[in-house]
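Enquirer: Next comes upload_17.txt, compact mmCIF, C-alpha atoms:
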# COMPACT_ATOMS: atom_id res chain seq x y z
CA MET A 59 -11.65 16.32 16.08
CA GLU A 60 -9.51 13.31 15.24
CA SER A 61 -11.56 12.63 12.12
CA ILE A 62 -11.12 16.24 10.98
CA LEU A 63 -7.34 16.03 11.39
CA TYR A 64 -7.17 12.74 9.47
CA GLY A 65 -9.40 14.21 6.77
CA LEU A 66 -7.36 17.40 6.40
CA PHE A 67 -4.00 15.61 6.27
CA LEU A 68 -5.18 12.97 3.80
CA LEU A 69 -6.98 15.51 1.61
CA GLY A 70 -3.77 17.52 1.49
CA ALA A 71 -1.76 14.40 0.64
CA VAL A 72 -4.11 13.48 -2.22
CA PHE A 73 -4.07 17.08 -3.53
CA PHE A 74 -0.25 17.23 -3.47
CA ALA A 75 -0.09 13.79 -5.13
CA TYR A 76 -2.28 15.02 -7.98
CA ARG A 77 -0.23 18.23 -8.28
CA ALA A 78 2.99 16.17 -8.35
CA ILE A 79 1.64 14.09 -11.23
CA VAL A 80 0.26 16.91 -13.38
CA SER A 81 3.15 19.29 -12.69
CA LYS A 82 5.28 19.89 -15.77
CA LYS A 83 8.45 20.77 -13.84
CA ILE A 84 10.14 17.83 -12.14
CA LEU A 85 11.60 20.03 -9.39
CA SER A 86 8.12 21.23 -8.40
CA ALA A 87 6.90 17.64 -8.39
CA THR A 88 9.78 16.76 -6.05
CA ILE A 89 8.69 19.45 -3.57
CA TYR A 90 5.10 18.19 -3.75
CA LEU A 91 6.34 14.67 -3.03
CA ALA A 92 8.17 15.92 0.08
CA CYS A 93 4.92 17.57 1.23
CA ILE A 94 3.08 14.26 0.80
CA SER A 95 5.72 12.54 2.95
CA ALA A 96 5.34 15.15 5.70
CA LEU A 97 1.55 14.81 5.73
CA MET A 98 1.73 11.01 5.68
CA SER A 99 4.11 11.02 8.64
CA ALA A 100 1.61 13.21 10.55
CA VAL A 101 -1.15 10.67 9.81
CA LEU A 102 1.09 7.78 10.87
CA TYR A 103 1.91 9.59 14.13
CA LEU A 104 -1.79 10.10 14.83
CA LEU A 105 -2.32 6.38 14.21
CA GLY A 106 0.17 5.62 16.98
CA ALA A 107 3.01 4.50 14.69
CA ALA A 108 5.56 7.07 15.89
CA GLN A 109 8.68 5.16 14.77
CA VAL A 110 7.31 4.57 11.30
CA ALA A 111 6.33 8.26 11.12
CA VAL A 112 9.90 9.30 11.95
CA MET A 113 11.25 6.90 9.31
CA GLU A 114 8.81 8.23 6.73
CA LEU A 115 9.69 11.84 7.52
CA SER A 116 13.45 11.36 7.50
CA VAL A 117 13.60 9.00 4.54
CA GLY A 118 10.64 10.17 2.44
CA ALA A 119 10.86 13.90 2.97
CA GLY A 120 14.62 13.98 3.50
CA LEU A 121 16.73 11.40 1.73
CA VAL A 122 14.52 10.71 -1.28
CA THR A 123 13.96 14.45 -1.85
CA VAL A 124 17.70 15.12 -1.79
CA LEU A 125 18.31 12.25 -4.22
CA LEU A 126 15.57 13.48 -6.55
CA VAL A 127 16.90 17.05 -6.50
CA TYR A 128 20.38 15.70 -7.25
CA ALA A 129 19.05 13.60 -10.13
CA VAL A 130 17.17 16.63 -11.51
CA SER A 131 20.33 18.73 -11.24
CA VAL A 132 22.23 16.07 -13.22
CA VAL A 133 19.69 15.51 -15.99
CA GLY A 134 18.46 19.11 -16.02
CA ASP A 135 15.01 20.46 -15.28
CA ASP A 136 14.49 20.86 -19.04
CA ALA A 137 13.64 17.15 -19.13
CA LEU A 138 9.91 17.88 -19.08
CA ASP A 139 7.22 15.25 -18.94
CA PRO A 140 5.91 14.74 -22.50
CA PRO A 141 2.16 14.34 -23.16
CA SER A 142 0.64 10.99 -22.27
CA VAL A 143 0.28 8.13 -24.75
CA VAL A 144 -2.89 6.91 -23.00
CA PRO A 145 -5.91 9.22 -23.55
CA LYS A 146 -6.78 10.97 -20.28
CA PRO A 147 -10.50 9.98 -20.29
CA LEU A 148 -9.51 6.33 -20.67
CA ALA A 149 -6.99 6.66 -17.83
CA PHE A 150 -9.64 8.34 -15.62
CA GLY A 151 -12.13 5.56 -16.41
CA MET A 152 -9.69 2.76 -15.65
CA VAL A 153 -8.55 4.37 -12.40
CA GLY A 154 -12.17 5.01 -11.38
CA LEU A 155 -12.97 1.34 -11.96
CA VAL A 156 -9.95 0.26 -9.88
CA MET A 157 -10.93 2.62 -7.05
CA ILE A 158 -14.53 1.34 -7.02
CA LEU A 159 -13.31 -2.26 -6.88
CA LEU A 160 -10.84 -1.43 -4.09
CA GLY A 161 -13.48 0.35 -2.07
CA TRP A 162 -16.00 -2.44 -2.66
CA MET A 163 -13.53 -5.02 -1.32
CA ALA A 164 -11.94 -2.98 1.48
CA PHE A 165 -14.75 -1.08 3.19
CA PRO A 166 -16.87 -4.06 4.35
CA ALA A 167 -13.76 -5.59 5.92
CA ILE A 168 -13.16 -2.90 8.54
CA PRO A 169 -14.52 -3.34 12.06
CA ALA A 170 -16.13 -0.47 13.97
CA TYR A 171 -13.25 -0.01 16.41
CA PHE A 172 -9.47 -0.32 16.71
CA GLU A 173 -8.40 -3.53 18.41
CA ARG A 174 -5.59 -3.31 20.93
CA GLY A 175 -2.66 -5.69 20.50
CA SER A 176 0.18 -6.57 22.80
CA LEU A 177 3.04 -7.15 20.33
CA THR A 178 5.23 -4.04 20.19
CA LEU A 179 7.25 -2.86 17.20
CA ALA A 180 10.58 -3.78 18.81
CA VAL A 181 9.48 -7.34 19.63
CA SER A 182 7.92 -7.79 16.20
CA LEU A 183 10.92 -6.42 14.30
CA TRP A 184 13.83 -7.83 16.29
CA GLU A 185 12.37 -11.17 17.41
CA SER A 186 9.57 -12.29 15.10
CA ARG A 187 10.98 -10.92 11.85
CA VAL A 188 14.76 -11.22 12.17
CA LEU A 189 15.06 -12.49 8.60
CA ASP A 190 13.47 -9.27 7.34
CA VAL A 191 16.08 -7.24 9.21
CA TRP A 192 18.85 -9.17 7.44
CA ILE A 193 17.12 -8.62 4.12
CA GLN A 194 16.95 -4.92 4.91
CA ILE A 195 20.70 -4.86 5.53
CA VAL A 196 21.28 -6.46 2.12
CA LEU A 197 18.86 -3.95 0.57
CA ILE A 198 20.71 -1.03 2.16
CA PHE A 199 23.98 -2.40 0.74
CA SER A 200 22.42 -2.55 -2.73
CA GLY A 201 21.15 1.00 -2.16
CA VAL A 202 24.72 2.15 -1.52
CA MET A 203 25.71 0.55 -4.82
CA GLY A 204 22.81 2.43 -6.42
CA VAL A 205 24.07 5.74 -5.01
CA LEU A 206 27.50 4.96 -6.46
CA GLY A 207 25.81 4.39 -9.82
CA LEU A 208 23.98 7.69 -9.43
CA LEU A 209 27.16 9.58 -8.65
CA SER A 210 29.43 7.89 -11.19
CA GLU A 211 30.65 9.89 -14.16
CA LYS A 212 30.37 8.64 -17.70
CA THR A 213 33.50 6.74 -18.72
CA PRO A 214 33.95 5.06 -22.11
CA GLY A 215 33.35 1.33 -21.84
CA LYS A 216 35.07 -1.45 -23.76
CA PHE A 217 32.35 -1.48 -26.42
CA GLU A 218 32.75 2.24 -27.11
CA GLU A 219 36.56 1.94 -27.21
CA ILE A 220 36.30 -0.87 -29.78
CA GLN A 221 33.92 1.24 -31.87
CA ARG A 222 36.54 4.01 -31.98
CA MET B 119 -19.75 7.09 8.10
CA PHE B 120 -16.95 9.58 8.87
CA THR B 121 -15.08 7.57 11.46
CA PRO B 122 -11.26 7.81 11.46
CA LEU B 123 -11.08 4.28 10.01
CA ASN B 124 -13.27 5.15 7.04
CA ILE B 125 -11.44 8.41 6.40
CA ILE B 126 -8.03 6.71 6.41
CA LEU B 127 -9.31 3.99 4.10
CA PHE B 128 -10.76 6.67 1.79
CA GLY B 129 -7.33 8.34 1.80
CA VAL B 130 -5.55 5.08 0.98
CA VAL B 131 -7.90 4.32 -1.92
CA ALA B 132 -7.63 7.91 -3.23
CA LEU B 133 -3.83 7.90 -3.06
CA LEU B 134 -3.72 4.53 -4.84
CA GLY B 135 -6.06 5.91 -7.51
CA VAL B 136 -3.94 9.01 -8.06
CA GLY B 137 -0.84 6.81 -8.21
CA PHE B 138 -2.36 4.45 -10.80
CA TYR B 139 -3.48 7.46 -12.85
CA GLY B 140 0.07 8.82 -12.68
CA LEU B 141 1.53 5.51 -13.82
CA LEU B 142 -0.80 5.55 -16.83
CA ILE B 143 -0.10 9.11 -17.99
CA THR B 144 3.55 9.64 -17.00
CA ARG B 145 6.28 9.16 -19.58
CA ASN B 146 9.27 10.72 -17.84
CA LEU B 147 11.47 8.11 -16.12
CA ILE B 148 12.14 10.24 -13.01
CA LYS B 149 8.45 10.97 -12.63
CA VAL B 150 7.70 7.24 -12.86
CA VAL B 151 9.95 6.79 -9.80
CA MET B 152 8.05 9.58 -8.04
CA VAL B 153 4.68 8.00 -8.84
CA LEU B 154 5.93 4.70 -7.42
CA GLN B 155 6.79 6.61 -4.23
CA ILE B 156 3.22 7.89 -4.02
CA LEU B 157 1.84 4.36 -4.42
CA ILE B 158 4.19 3.03 -1.73
CA LYS B 159 3.12 5.76 0.70
CA ALA B 160 -0.48 4.60 0.33
CA VAL B 161 0.61 1.01 0.93
CA VAL B 162 2.59 1.98 4.06
CA LEU B 163 -0.49 3.68 5.49
CA ALA B 164 -2.63 0.66 4.60
CA LEU B 165 -0.18 -1.70 6.34
CA VAL B 166 -0.14 0.34 9.57
CA LEU B 167 -3.94 0.53 9.49
CA ALA B 168 -4.26 -3.20 8.84
CA GLY B 169 -1.94 -3.99 11.74
CA LYS B 170 -4.00 -1.83 14.03
CA LEU B 171 -7.29 -3.30 12.84
CA GLY B 172 -6.00 -6.86 13.15
CA GLY B 173 -5.03 -6.35 16.77
CA ASN B 174 -1.31 -6.57 16.01
CA PRO B 175 0.02 -3.03 15.49
CA GLY B 176 3.67 -4.03 15.96
CA LEU B 177 3.54 -6.44 13.03
CA GLY B 178 1.95 -3.84 10.74
CA GLN B 179 4.46 -1.21 11.74
CA SER B 180 7.48 -3.49 11.30
CA THR B 181 6.22 -4.51 7.86
CA ALA B 182 5.72 -0.83 7.01
CA ALA B 183 9.30 -0.07 8.11
CA THR B 184 10.58 -2.85 5.83
CA VAL B 185 8.53 -1.47 2.95
CA ILE B 186 9.93 2.04 3.53
CA VAL B 187 13.50 0.71 3.35
CA ALA B 188 12.76 -1.32 0.20
CA ASP B 189 10.98 1.66 -1.35
CA THR B 190 13.99 3.91 -0.76
CA ILE B 191 16.29 1.38 -2.42
CA VAL B 192 13.89 1.20 -5.38
CA ALA B 193 14.01 5.00 -5.65
CA VAL B 194 17.82 5.10 -5.46
CA VAL B 195 18.34 2.36 -8.06
CA GLY B 196 15.61 3.82 -10.30
CA LEU B 197 17.15 7.28 -10.19
CA ALA B 198 20.62 5.88 -10.87
CA LEU B 199 19.20 4.04 -13.89
CA ALA B 200 17.41 7.19 -15.05
CA VAL B 201 20.59 9.28 -14.84
CA GLN B 202 22.58 6.66 -16.77
CA VAL B 203 19.82 6.34 -19.40
CA ARG B 204 19.78 10.11 -19.86
CA ARG B 205 23.57 10.18 -20.26
CA ARG B 206 23.55 7.30 -22.75
CA PHE B 207 20.45 8.02 -24.85
CA GLY B 208 19.87 11.73 -24.17
CA THR B 209 16.20 11.24 -23.28
CA LEU B 210 14.04 10.17 -20.34
CA ASP B 211 10.96 9.44 -22.44
CA VAL B 212 9.98 5.83 -21.70
CA PRO B 213 8.42 4.98 -25.14
CA LYS B 214 11.50 6.39 -26.92
CA ILE B 215 13.86 4.42 -24.67
CA SER B 216 11.97 1.19 -25.36
CA THR B 217 12.38 1.64 -29.11
CA LEU B 218 16.07 2.56 -29.01
CA LYS B 219 18.77 0.02 -29.85
CA GLY B 220 22.32 -0.15 -28.54
Write the structure described by the file as structure tokens, please.
Expert:
Amino acid sequence: MESILYGLFLLGAVFFAYRAIVSKKILSATIYLACISALMSAVLYLLGAAQVAVMELSVGAGLVTVLLVYAVSVVGDDALDPPSVVPKPLAFGMVGLVMILLGWMAFPAIPAYFERGSLTLAVSLWESRVLDVWIQIVLIFSGVMGVLGLLSEKTPGKFEEIQR
Amino acid sequence: MFTPLNIILFGVVALLGVGFYGLLITRNLIKVVMVLQILIKAVVLALVLAGKLGGNPGLGQSTAATVIVADTIVAVVGLALAVQVRRRFGTLDVPKISTLKG
């Protein structure tokens, strides 16, 4: 039963990922991306990572989707994805090669069962990896600056004023 | 063969493959940001799985949380850059942007 649920969720995620890539409209691709986030958070919850699942759902399906919709509304949905420079058969071949190599390296490494550990998320995050938390705070600050850049209106700079 | 571990690993490899394919064929700057999001989702799942397999689920989950935060910042900054590029050059086509001057 568990395997079927994992299989269904991940199959859906891969399908939506492909649809997001081949979709011509950016707004549709944004909705597909939100669906991937929702399915991934379900898989993470089944894996026992409930906090990460909540983060993925709120940030991936919520915040990033809102930002993408805002960006699409600013640039316009007429900004379609032009045809690829790389021929599609070549891209398929290269990706197939990468996937075979990844599978060849990753599959022999997995044991037959999940091991149980004692270190919880709270202990790991707040005690073992305090430096990472500080880095995250700095990252969030730079993200706020990024949002300001996203929201800022176009104003003539010094270079453009000199040109006039 | 079809244990949960194998299925999740199949999913991770498939998502990474779709993401790499998207990076190769996508030319729109906003869609490049979206493809990066797909790749990061696969990596987050792989990190949680690796933590669980290694007997240290807390470490894998905390690393995944850090990656989610960093990924969101990448998306925000990338979208801000894309909006500014569109306003300045009038296009989001990556090959055209790379050949423009000014």
Enquirer: Please identify all polymer residues within 9 Å of region 124-129 of chain B, counting all atoms listed in the file, omitting same-chain residues fewer than 4 positions from it, and present them as a PyMOL selection string.
Expert: (chain A and resi 61+64-65+68-69+71-72+101+161+164-165+168) or (chain B and resi 119-120+133-134+160+163-164+167)
Enquirer: Produce a file of the selected residues containing C-alpha atoms, as a PDB file, keeping the file's coordinate frame.
Expert:
ATOM      1  CA  SER A  61     -11.560  12.630  12.120  1.00  0.00           C
ATOM      2  CA  TYR A  64      -7.170  12.740   9.470  1.00  0.00           C
ATOM      3  CA  GLY A  65      -9.400  14.210   6.770  1.00  0.00           C
ATOM      4  CA  LEU A  68      -5.180  12.970   3.800  1.00  0.00           C
ATOM      5  CA  LEU A  69      -6.980  15.510   1.610  1.00  0.00           C
ATOM      6  CA  ALA A  71      -1.760  14.400   0.640  1.00  0.00           C
ATOM      7  CA  VAL A  72      -4.110  13.480  -2.220  1.00  0.00           C
ATOM      8  CA  VAL A 101      -1.150  10.670   9.810  1.00  0.00           C
ATOM      9  CA  GLY A 161     -13.480   0.350  -2.070  1.00  0.00           C
ATOM     10  CA  ALA A 164     -11.940  -2.980   1.480  1.00  0.00           C
ATOM     11  CA  PHE A 165     -14.750  -1.080   3.190  1.00  0.00           C
ATOM     12  CA  ILE A 168     -13.160  -2.900   8.540  1.00  0.00           C
TER      13      ILE A 168
ATOM     14  CA  MET B 119     -19.750   7.090   8.100  1.00  0.00           C
ATOM     15  CA  PHE B 120     -16.950   9.580   8.870  1.00  0.00           C
ATOM     16  CA  LEU B 133      -3.830   7.900  -3.060  1.00  0.00           C
ATOM     17  CA  LEU B 134      -3.720   4.530  -4.840  1.00  0.00           C
ATOM     18  CA  ALA B 160      -0.480   4.600   0.330  1.00  0.00           C
ATOM     19  CA  LEU B 163      -0.490   3.680   5.490  1.00  0.00           C
ATOM     20  CA  ALA B 164      -2.630   0.660   4.600  1.00  0.00           C
ATOM     21  CA  LEU B 167      -3.940   0.530   9.490  1.00  0.00           C
TER      22      LEU B 167
END
Enquirer: Kindly provide, as a ChimeraX atom specification, the residues of chain A having any atom no farther than 7 Å from an atom of chain B, counting all atoms listed in the file.
Expert: /A:60-61,64-65,68,72,75-76,79,102,107,110,122,129,133,139-140,142-144,149-150,153,157,160-161,172-179,182-183,194,197-198,201,204-205,207-208
Enquirer: What is the CA of Met203 (chain A)-CA of Arg187 (chain A) distance in Å, reported with one decimal?
Expert: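 Interatomic distance here is 25.0 Å.
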Enquirer: Could you tell me how far CA of Tyr103 (chain A) sits from CA of Leu115 (chain A), in Å to one decimal place?
Expert: 10.5 Å
Enquirer: Can you tell me how far CA of Ile89 (chain A) sits from CA of Gly151 (chain A), in Å to one decimal?
Expert: 28.1 Å
Enquirer: For Phe67 (chain A), please output as a list of chain:residue names all residues within 8 Å (counting all atoms listed in the file; exclusion window: fewer than 6 positions along the same chain).
Expert: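 That gives A:Leu97, A:Met98, A:Ala100, A:Val101.
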